[in-house]
>>> print(open('model-v1.pdb').read())   # PDB, C-alpha atoms and all ligand atoms
ATOM      1  CA  MET X   1      18.451  13.188 -20.571  1.00  0.00           C
ATOM      2  CA  LYS X   2      20.042  10.227 -22.295  1.00  0.00           C
ATOM      3  CA  ARG X   3      20.878   8.746 -18.898  1.00  0.00           C
ATOM      4  CA  GLN X   4      17.318   9.234 -17.661  1.00  0.00           C
ATOM      5  CA  ALA X   5      15.938   7.421 -20.696  1.00  0.00           C
ATOM      6  CA  ALA X   6      18.321   4.541 -20.084  1.00  0.00           C
ATOM      7  CA  THR X   7      17.286   4.348 -16.434  1.00  0.00           C
ATOM      8  CA  TYR X   8      13.643   4.322 -17.455  1.00  0.00           C
ATOM      9  CA  ALA X   9      14.260   1.542 -19.965  1.00  0.00           C
ATOM     10  CA  ALA X  10      16.136  -0.447 -17.330  1.00  0.00           C
ATOM     11  CA  ALA X  11      13.279   0.028 -14.859  1.00  0.00           C
ATOM     12  CA  LEU X  12      10.781  -1.219 -17.441  1.00  0.00           C
ATOM     13  CA  ALA X  13      12.944  -4.244 -18.178  1.00  0.00           C
ATOM     14  CA  LEU X  14      13.160  -4.987 -14.450  1.00  0.00           C
ATOM     15  CA  ALA X  15       9.406  -4.642 -14.036  1.00  0.00           C
ATOM     16  CA  ALA X  16       8.884  -7.055 -16.920  1.00  0.00           C
ATOM     17  CA  LEU X  17      11.409  -9.501 -15.437  1.00  0.00           C
ATOM     18  CA  ALA X  18       9.714  -9.333 -12.053  1.00  0.00           C
ATOM     19  CA  GLY X  19       6.504 -10.352 -13.751  1.00  0.00           C
ATOM     20  CA  CYS X  20       4.614  -7.212 -12.842  1.00  0.00           C
ATOM     21  CA  ALA X  21       1.750  -8.152 -15.147  1.00  0.00           C
ATOM     22  CA  GLN X  22      -0.627  -5.725 -13.486  1.00  0.00           C
ATOM     23  CA  ALA X  23       1.713  -2.801 -14.157  1.00  0.00           C
ATOM     24  CA  PRO X  24       1.407  -2.073 -17.863  1.00  0.00           C
ATOM     25  CA  ALA X  25       4.603  -1.111 -19.666  1.00  0.00           C
ATOM     26  CA  THR X  26       3.145   2.333 -20.180  1.00  0.00           C
ATOM     27  CA  VAL X  27       3.141   3.326 -16.507  1.00  0.00           C
ATOM     28  CA  ALA X  28       3.288   7.054 -16.888  1.00  0.00           C
ATOM     29  CA  PRO X  29       2.225   9.946 -14.668  1.00  0.00           C
ATOM     30  CA  SER X  30      -1.079  10.070 -16.550  1.00  0.00           C
ATOM     31  CA  ALA X  31      -1.885   6.461 -15.631  1.00  0.00           C
ATOM     32  CA  ALA X  32      -1.119   7.159 -11.978  1.00  0.00           C
ATOM     33  CA  ALA X  33      -3.289  10.252 -12.081  1.00  0.00           C
ATOM     34  CA  ALA X  34      -6.153   8.269 -13.596  1.00  0.00           C
ATOM     35  CA  ARG X  35      -5.876   5.702 -10.815  1.00  0.00           C
ATOM     36  CA  SER X  36      -5.915   8.254  -8.020  1.00  0.00           C
ATOM     37  CA  ALA X  37      -8.854  10.021  -9.624  1.00  0.00           C
ATOM     38  CA  ALA X  38     -10.774   6.736  -9.684  1.00  0.00           C
ATOM     39  CA  ALA X  39      -9.982   5.844  -6.081  1.00  0.00           C
ATOM     40  CA  PRO X  40     -11.308   8.403  -3.603  1.00  0.00           C
ATOM     41  CA  PRO X  41      -8.838   9.514  -0.926  1.00  0.00           C
ATOM     42  CA  VAL X  42      -9.034   7.917   2.494  1.00  0.00           C
ATOM     43  CA  GLY X  43     -11.842   9.455   4.479  1.00  0.00           C
ATOM     44  CA  ALA X  44     -13.586  10.851   1.410  1.00  0.00           C
ATOM     45  CA  GLN X  45     -17.349  11.082   1.318  1.00  0.00           C
ATOM     46  CA  PRO X  46     -19.327   8.360  -0.483  1.00  0.00           C
ATOM     47  CA  SER X  47     -19.629   8.822  -4.232  1.00  0.00           C
ATOM     48  CA  ALA X  48     -23.245   9.973  -3.905  1.00  0.00           C
ATOM     49  CA  ASN X  49     -21.826  13.180  -2.437  1.00  0.00           C
ATOM     50  CA  THR X  50     -21.393  15.507  -5.371  1.00  0.00           C
ATOM     51  CA  GLU X  51     -19.963  18.348  -3.285  1.00  0.00           C
ATOM     52  CA  PRO X  52     -16.591  19.503  -4.579  1.00  0.00           C
ATOM     53  CA  PRO X  53     -13.771  18.534  -2.175  1.00  0.00           C
ATOM     54  CA  SER X  54     -13.134  22.185  -1.371  1.00  0.00           C
ATOM     55  CA  ALA X  55     -16.603  22.438   0.170  1.00  0.00           C
ATOM     56  CA  ARG X  56     -15.731  19.933   2.913  1.00  0.00           C
ATOM     57  CA  PRO X  57     -14.356  21.420   6.121  1.00  0.00           C
ATOM     58  CA  GLY X  58     -10.576  21.216   6.247  1.00  0.00           C
ATOM     59  CA  ALA X  59     -10.258  19.856   2.709  1.00  0.00           C
ATOM     60  CA  SER X  60      -7.504  21.236   0.536  1.00  0.00           C
ATOM     61  CA  PRO X  61      -9.137  23.181  -2.279  1.00  0.00           C
ATOM     62  CA  ALA X  62      -7.138  21.439  -4.974  1.00  0.00           C
ATOM     63  CA  GLN X  63      -7.135  17.777  -3.928  1.00  0.00           C
ATOM     64  CA  GLY X  64      -9.277  17.110  -0.872  1.00  0.00           C
ATOM     65  CA  PHE X  65      -6.530  14.980   0.695  1.00  0.00           C
ATOM     66  CA  ALA X  66      -6.904  16.714   4.065  1.00  0.00           C
ATOM     67  CA  ALA X  67      -8.137  13.513   5.683  1.00  0.00           C
ATOM     68  CA  PHE X  68      -4.855  11.755   4.857  1.00  0.00           C
ATOM     69  CA  PRO X  69      -3.098  10.977   8.147  1.00  0.00           C
ATOM     70  CA  CYS X  70      -0.164  13.172   9.138  1.00  0.00           C
ATOM     71  CA  LEU X  71       2.644  11.205  10.784  1.00  0.00           C
ATOM     72  CA  SER X  72       4.199  14.159  12.589  1.00  0.00           C
ATOM     73  CA  TYR X  73       4.203  14.270  16.401  1.00  0.00           C
ATOM     74  CA  THR X  74       5.037  17.972  16.474  1.00  0.00           C
ATOM     75  CA  LEU X  75       3.377  19.730  13.526  1.00  0.00           C
ATOM     76  CA  PRO X  76      -0.190  20.990  13.951  1.00  0.00           C
ATOM     77  CA  CYS X  77      -1.390  18.459  11.354  1.00  0.00           C
ATOM     78  CA  GLY X  78      -0.129  15.627  13.552  1.00  0.00           C
ATOM     79  CA  LYS X  79      -1.648  16.653  16.873  1.00  0.00           C
ATOM     80  CA  VAL X  80      -3.040  13.216  17.589  1.00  0.00           C
ATOM     81  CA  ALA X  81      -3.584  11.754  21.025  1.00  0.00           C
ATOM     82  CA  THR X  82      -0.359   9.957  21.936  1.00  0.00           C
ATOM     83  CA  ARG X  83       1.762   9.304  24.992  1.00  0.00           C
ATOM     84  CA  LYS X  84       4.448  11.841  25.799  1.00  0.00           C
ATOM     85  CA  PRO X  85       8.072  10.861  25.037  1.00  0.00           C
ATOM     86  CA  VAL X  86       9.716   8.897  27.876  1.00  0.00           C
ATOM     87  CA  ALA X  87      13.492   8.777  28.465  1.00  0.00           C
ATOM     88  CA  LYS X  88      13.872   5.279  29.921  1.00  0.00           C
ATOM     89  CA  PRO X  89      17.124   4.335  31.646  1.00  0.00           C
ATOM     90  CA  LEU X  90      18.306   0.730  31.338  1.00  0.00           C
ATOM     91  CA  GLU X  91      18.207  -0.867  34.790  1.00  0.00           C
ATOM     92  CA  GLY X  92      20.918  -3.361  35.714  1.00  0.00           C
ATOM     93  CA  PRO X  93      22.867  -5.419  33.204  1.00  0.00           C
ATOM     94  CA  LEU X  94      21.304  -5.933  29.756  1.00  0.00           C
ATOM     95  CA  ALA X  95      20.636  -9.683  30.156  1.00  0.00           C
ATOM     96  CA  GLY X  96      19.195  -9.975  26.652  1.00  0.00           C
ATOM     97  CA  ASP X  97      19.021 -12.989  24.335  1.00  0.00           C
ATOM     98  CA  ALA X  98      20.210 -12.017  20.848  1.00  0.00           C
ATOM     99  CA  ALA X  99      18.566 -14.975  19.068  1.00  0.00           C
ATOM    100  CA  ARG X 100      15.226 -14.208  20.663  1.00  0.00           C
ATOM    101  CA  GLY X 101      15.766 -10.516  19.917  1.00  0.00           C
ATOM    102  CA  MET X 102      16.222 -11.286  16.237  1.00  0.00           C
ATOM    103  CA  ARG X 103      12.908 -13.146  16.099  1.00  0.00           C
ATOM    104  CA  ILE X 104      11.130 -10.265  17.865  1.00  0.00           C
ATOM    105  CA  ALA X 105      12.741  -7.638  15.611  1.00  0.00           C
ATOM    106  CA  HIS X 106      11.814  -9.510  12.428  1.00  0.00           C
ATOM    107  CA  ALA X 107       8.287 -10.581  13.436  1.00  0.00           C
ATOM    108  CA  ARG X 108       5.708  -8.549  11.549  1.00  0.00           C
ATOM    109  CA  ASP X 109       3.404  -8.554  14.592  1.00  0.00           C
ATOM    110  CA  LYS X 110       6.158  -7.556  17.046  1.00  0.00           C
ATOM    111  CA  GLY X 111       9.097  -5.223  16.356  1.00  0.00           C
ATOM    112  CA  ASN X 112       8.617  -5.274  12.590  1.00  0.00           C
ATOM    113  CA  CYS X 113      11.863  -3.308  12.438  1.00  0.00           C
ATOM    114  CA  LEU X 114      12.369  -4.648   8.905  1.00  0.00           C
ATOM    115  CA  ALA X 115       9.569  -2.372   7.748  1.00  0.00           C
ATOM    116  CA  CYS X 116      12.135   0.441   7.907  1.00  0.00           C
ATOM    117  CA  HIS X 117      15.596  -1.045   8.535  1.00  0.00           C
ATOM    118  CA  VAL X 118      18.067  -3.387   6.879  1.00  0.00           C
ATOM    119  CA  MET X 119      18.940  -5.903   9.628  1.00  0.00           C
ATOM    120  CA  LYS X 120      21.296  -8.830   9.947  1.00  0.00           C
ATOM    121  CA  GLY X 121      19.590 -12.063   8.878  1.00  0.00           C
ATOM    122  CA  GLY X 122      16.449 -10.250   7.718  1.00  0.00           C
ATOM    123  CA  THR X 123      14.922 -10.148   4.243  1.00  0.00           C
ATOM    124  CA  GLN X 124      12.743  -7.660   2.346  1.00  0.00           C
ATOM    125  CA  PRO X 125      13.711  -4.613   4.424  1.00  0.00           C
ATOM    126  CA  GLY X 126      12.333  -1.124   4.034  1.00  0.00           C
ATOM    127  CA  SER X 127      14.645   1.817   3.471  1.00  0.00           C
ATOM    128  CA  ARG X 128      13.261   4.593   5.674  1.00  0.00           C
ATOM    129  CA  GLY X 129      15.599   4.026   8.631  1.00  0.00           C
ATOM    130  CA  PRO X 130      19.387   3.584   8.729  1.00  0.00           C
ATOM    131  CA  ASP X 131      20.991   0.200   7.983  1.00  0.00           C
ATOM    132  CA  LEU X 132      21.346  -1.619  11.312  1.00  0.00           C
ATOM    133  CA  SER X 133      23.093  -4.724  10.024  1.00  0.00           C
ATOM    134  CA  HIS X 134      26.425  -3.685  11.598  1.00  0.00           C
ATOM    135  CA  TYR X 135      25.016  -1.681  14.499  1.00  0.00           C
ATOM    136  CA  GLY X 136      27.110  -3.662  17.010  1.00  0.00           C
ATOM    137  CA  SER X 137      30.336  -2.305  15.515  1.00  0.00           C
ATOM    138  CA  THR X 138      29.350   1.326  15.999  1.00  0.00           C
ATOM    139  CA  GLY X 139      30.310   1.313  19.677  1.00  0.00           C
ATOM    140  CA  ARG X 140      26.967   2.480  21.027  1.00  0.00           C
ATOM    141  CA  SER X 141      26.235   1.507  24.643  1.00  0.00           C
ATOM    142  CA  ASP X 142      23.439  -0.842  25.693  1.00  0.00           C
ATOM    143  CA  ALA X 143      21.785   1.967  27.667  1.00  0.00           C
ATOM    144  CA  GLU X 144      21.802   4.377  24.734  1.00  0.00           C
ATOM    145  CA  THR X 145      20.396   1.726  22.399  1.00  0.00           C
ATOM    146  CA  PHE X 146      17.744   0.674  24.898  1.00  0.00           C
ATOM    147  CA  GLY X 147      16.618   4.291  25.329  1.00  0.00           C
ATOM    148  CA  ALA X 148      16.468   4.833  21.566  1.00  0.00           C
ATOM    149  CA  VAL X 149      14.320   1.782  20.884  1.00  0.00           C
ATOM    150  CA  TYR X 150      12.204   2.528  23.967  1.00  0.00           C
ATOM    151  CA  ASP X 151      11.338   5.969  22.594  1.00  0.00           C
ATOM    152  CA  MET X 152      13.250   7.515  19.683  1.00  0.00           C
ATOM    153  CA  ARG X 153      11.323  10.769  20.193  1.00  0.00           C
ATOM    154  CA  THR X 154      13.627  11.605  23.102  1.00  0.00           C
ATOM    155  CA  ARG X 155      16.384  11.951  20.505  1.00  0.00           C
ATOM    156  CA  ILE X 156      14.442  13.047  17.405  1.00  0.00           C
ATOM    157  CA  PRO X 157      11.101  14.620  18.378  1.00  0.00           C
ATOM    158  CA  ASP X 158       9.458  14.059  15.002  1.00  0.00           C
ATOM    159  CA  THR X 159      10.921  10.631  14.197  1.00  0.00           C
ATOM    160  CA  LEU X 160       8.982   8.111  12.149  1.00  0.00           C
ATOM    161  CA  MET X 161      10.141   5.308  14.408  1.00  0.00           C
ATOM    162  CA  PRO X 162       7.417   4.059  16.758  1.00  0.00           C
ATOM    163  CA  PRO X 163       8.121   4.451  20.515  1.00  0.00           C
ATOM    164  CA  PHE X 164       8.243   0.703  21.186  1.00  0.00           C
ATOM    165  CA  GLY X 165       8.559   0.974  24.985  1.00  0.00           C
ATOM    166  CA  THR X 166       6.338   3.962  25.689  1.00  0.00           C
ATOM    167  CA  HIS X 167       3.542   2.544  23.553  1.00  0.00           C
ATOM    168  CA  GLY X 168       3.881  -0.907  25.086  1.00  0.00           C
ATOM    169  CA  ILE X 169       4.595  -2.594  21.755  1.00  0.00           C
ATOM    170  CA  LEU X 170       7.559  -4.422  23.301  1.00  0.00           C
ATOM    171  CA  ASP X 171       7.935  -5.179  27.006  1.00  0.00           C
ATOM    172  CA  ASP X 172      11.107  -4.669  29.028  1.00  0.00           C
ATOM    173  CA  GLN X 173      12.585  -8.146  28.339  1.00  0.00           C
ATOM    174  CA  GLU X 174      11.697  -7.983  24.633  1.00  0.00           C
ATOM    175  CA  LEU X 175      13.493  -4.637  24.389  1.00  0.00           C
ATOM    176  CA  ARG X 176      16.546  -6.120  26.132  1.00  0.00           C
ATOM    177  CA  ASP X 177      16.552  -9.026  23.659  1.00  0.00           C
ATOM    178  CA  VAL X 178      16.282  -6.671  20.669  1.00  0.00           C
ATOM    179  CA  VAL X 179      19.165  -4.558  22.030  1.00  0.00           C
ATOM    180  CA  ALA X 180      21.257  -7.735  22.474  1.00  0.00           C
ATOM    181  CA  TYR X 181      20.525  -8.654  18.837  1.00  0.00           C
ATOM    182  CA  LEU X 182      21.523  -5.169  17.618  1.00  0.00           C
ATOM    183  CA  GLN X 183      24.746  -5.295  19.635  1.00  0.00           C
ATOM    184  CA  ALA X 184      25.515  -8.765  18.223  1.00  0.00           C
ATOM    185  CA  SER X 185      25.009  -7.501  14.638  1.00  0.00           C
ATOM    186  CA  ARG X 186      28.551  -6.936  13.434  1.00  0.00           C
TER     187      ARG X 186
HETATM  188  C1  LIG U   1       8.490   3.292  10.719  1.00  0.00           C
HETATM  189  C2  LIG U   1       9.895   3.104  10.506  1.00  0.00           C
HETATM  190  C3  LIG U   1      10.732   2.484  11.585  1.00  0.00           C
HETATM  191  C4  LIG U   1      10.525   1.308  12.282  1.00  0.00           C
HETATM  192  C5  LIG U   1       9.358   0.364  12.178  1.00  0.00           C
HETATM  193  C6  LIG U   1      11.674   1.144  13.119  1.00  0.00           C
HETATM  194  N1  LIG U   1      12.539   2.171  12.958  1.00  0.00           N
HETATM  195 FE1  LIG U   1      14.325   2.404  13.862  1.00  0.00          FE
HETATM  196  N2  LIG U   1      14.608   4.177  12.933  1.00  0.00           N
HETATM  197  C7  LIG U   1      13.766   4.716  11.983  1.00  0.00           C
HETATM  198  C8  LIG U   1      14.330   5.966  11.507  1.00  0.00           C
HETATM  199  C9  LIG U   1      13.714   6.855  10.461  1.00  0.00           C
HETATM  200  C10 LIG U   1      15.528   6.157  12.224  1.00  0.00           C
HETATM  201  C11 LIG U   1      16.516   7.319  12.119  1.00  0.00           C
HETATM  202  C12 LIG U   1      16.151   8.372  13.088  1.00  0.00           C
HETATM  203  C13 LIG U   1      15.139   9.313  12.492  1.00  0.00           C
HETATM  204  O1  LIG U   1      15.434   9.916  11.436  1.00  0.00           O
HETATM  205  O2  LIG U   1      14.063   9.440  13.058  1.00  0.00           O
HETATM  206  C14 LIG U   1      15.673   5.005  13.086  1.00  0.00           C
HETATM  207  C15 LIG U   1      16.758   4.832  13.924  1.00  0.00           C
HETATM  208  C16 LIG U   1      16.992   3.692  14.665  1.00  0.00           C
HETATM  209  C17 LIG U   1      18.151   3.447  15.498  1.00  0.00           C
HETATM  210  C18 LIG U   1      19.318   4.412  15.688  1.00  0.00           C
HETATM  211  C19 LIG U   1      20.365   4.080  14.673  1.00  0.00           C
HETATM  212  C20 LIG U   1      21.622   4.871  14.878  1.00  0.00           C
HETATM  213  O3  LIG U   1      22.587   4.542  14.175  1.00  0.00           O
HETATM  214  O4  LIG U   1      21.642   5.780  15.696  1.00  0.00           O
HETATM  215  C21 LIG U   1      18.013   2.220  16.052  1.00  0.00           C
HETATM  216  C22 LIG U   1      18.979   1.520  17.008  1.00  0.00           C
HETATM  217  C23 LIG U   1      16.753   1.683  15.587  1.00  0.00           C
HETATM  218  N3  LIG U   1      16.167   2.594  14.741  1.00  0.00           N
HETATM  219  C24 LIG U   1      16.265   0.452  15.944  1.00  0.00           C
HETATM  220  C25 LIG U   1      15.015  -0.027  15.574  1.00  0.00           C
HETATM  221  C26 LIG U   1      14.474  -1.273  16.039  1.00  0.00           C
HETATM  222  C27 LIG U   1      15.196  -2.250  16.941  1.00  0.00           C
HETATM  223  C28 LIG U   1      13.225  -1.371  15.506  1.00  0.00           C
HETATM  224  C29 LIG U   1      12.215  -2.461  15.736  1.00  0.00           C
HETATM  225  C30 LIG U   1      11.957  -2.834  17.109  1.00  0.00           C
HETATM  226  C31 LIG U   1      12.995  -0.191  14.680  1.00  0.00           C
HETATM  227  N4  LIG U   1      14.101   0.606  14.750  1.00  0.00           N
HETATM  228  C32 LIG U   1      11.850   0.060  13.971  1.00  0.00           C
HETATM  229  C33 LIG U   1      12.587   4.185  11.540  1.00  0.00           C
HETATM  230  C34 LIG U   1      12.000   3.014  12.022  1.00  0.00           C
END
>>> encode(input="model-v1.pdb", output="structure tokens", more="lines below")
Ligand code: HEC
Amino acid sequence: MKRQAATYAAALALAALAGCAQAPATVAPSAAAARSAAAPPVGAQPSANTEPPSARPGASPAQGFAAFPCLSYTLPCGKVATRKPVAKPLEGPLAGDAARGMRIAHARDKGNCLACHVMKGGTQPGSRGPDLSHYGSTGRSDAETFGAVYDMRTRIPDTLMPPFGTHGILDDQELRDVVAYLQASR
């Protein structure tokens, strides 16, 4: 209990230091609840609709968050139209450019790998995926790495990681460059 209080105090101090003016010092569950009550969930009916959420088809009786997207590829809630997983073999030698691969991996409109991964030379990473900043020392082959970035669903069916090759987000050479960058991250 004492430790929790200290952590909370430290978090408040950090928030104040970071200049989070819009987050009042009294951020408490009640404030968060008030905010979510004020903002209708994604896909909710316009405010003129006075129907209770439970009256809408598929809405959860308690919250009406049923329209919130489900990120699963395999659960019934996530049965969205998507391409089937593809196990793509690496053809020929890698022939990737690590410097170019780093730019592609970090670019928000390309790989955007930093949204989920810590990466060498990158800033403001997300924390959902494993740290890749020393990936090159883990002894993984080029082919294995290429296949994983091409379509991680071949390894983990319900992964959060986008299938960069199968969905055409990165082309063959871009994938080779990203793999070269990962392998050069030591
Ligand atoms: C939406 C989040 C997300 C994005 C974006 C993302 N990844 Fe991942 N990645 C993951 C997660 C999560 C895992 C761990 C596997 C799992 O649990 O699904 C992973 C695993 C990996 C692995 C395997 C690591 C290991 O040690 O086996 C590699 C390599 C990888 N990602 C590379 C990339 C690259 C390169 C990009 C950008 C082109 C990228 N990822 C973008 C979420 C993401």
>>> axis_aligned_box(input="model-v1.pdb", around="segment 123-133 of chain X", padding_each_side="8 Å", output="lines of an AutoDock Vina configuration file")
center_x = 17.7
center_y = -2.8
center_z = 6.8
size_x = 26.8
size_y = 30.7
size_z = 25.0
>>> residues_near_ligand(input="model-v1.pdb", ligand="ligand LIG 1 (chain U)", cutoff="6 Å", atoms="all atoms listed in the file", output="list in words")
Ala105, Gly111, Asn112, Cys113, Ala115, Cys116, Arg128, Gly129, Pro130, Thr145, Val149, Ile156, Thr159, Leu160, Met161 and Val178 of chain X
>>> atom_distance(input="model-v1.pdb", atom1="atom CA of Leu182 of chain X", atom2="atom CA of Gly168 of chain X")
19.6 Å
>>> atom_distance(input="model-v1.pdb", atom1="atom CA of Thr166 of chain X", atom2="atom CA of Leu114 of chain X")
19.8 Å
>>> atom_distance(input="model-v1.pdb", atom1="atom CA of Thr74 of chain X", atom2="atom CA of Pro157 of chain X")
7.2 Å
>>> closest_residue(input="model-v1.pdb", among="X:Tyr73, X:Phe164, X:Tyr181, X:Tyr135", to="Gly96 of chain X", atoms="all atoms listed in the file")
X:Tyr181
>>> resolve_selection(input="model-v1.pdb", expression="the PyMOL selection byres (((chain X and resi 169-174) around 10) and not hetatm)", output="ChimeraX atom specification")
/X:90-91,94-97,100-101,104-105,109-111,146,149-150,162-168,175-180
>>> closest_residue(input="model-v1.pdb", among="X:His134, X:Lys120, X:His106, X:Lys88", to="Met152 of chain X", atoms="only C-alpha atoms")
X:Lys88
>>> resolve_selection(input="model-v1.pdb", expression="the PyMOL selection byres (((chain X and resi 77-84) around 10) and not hetatm)", output="count of residues only")
20
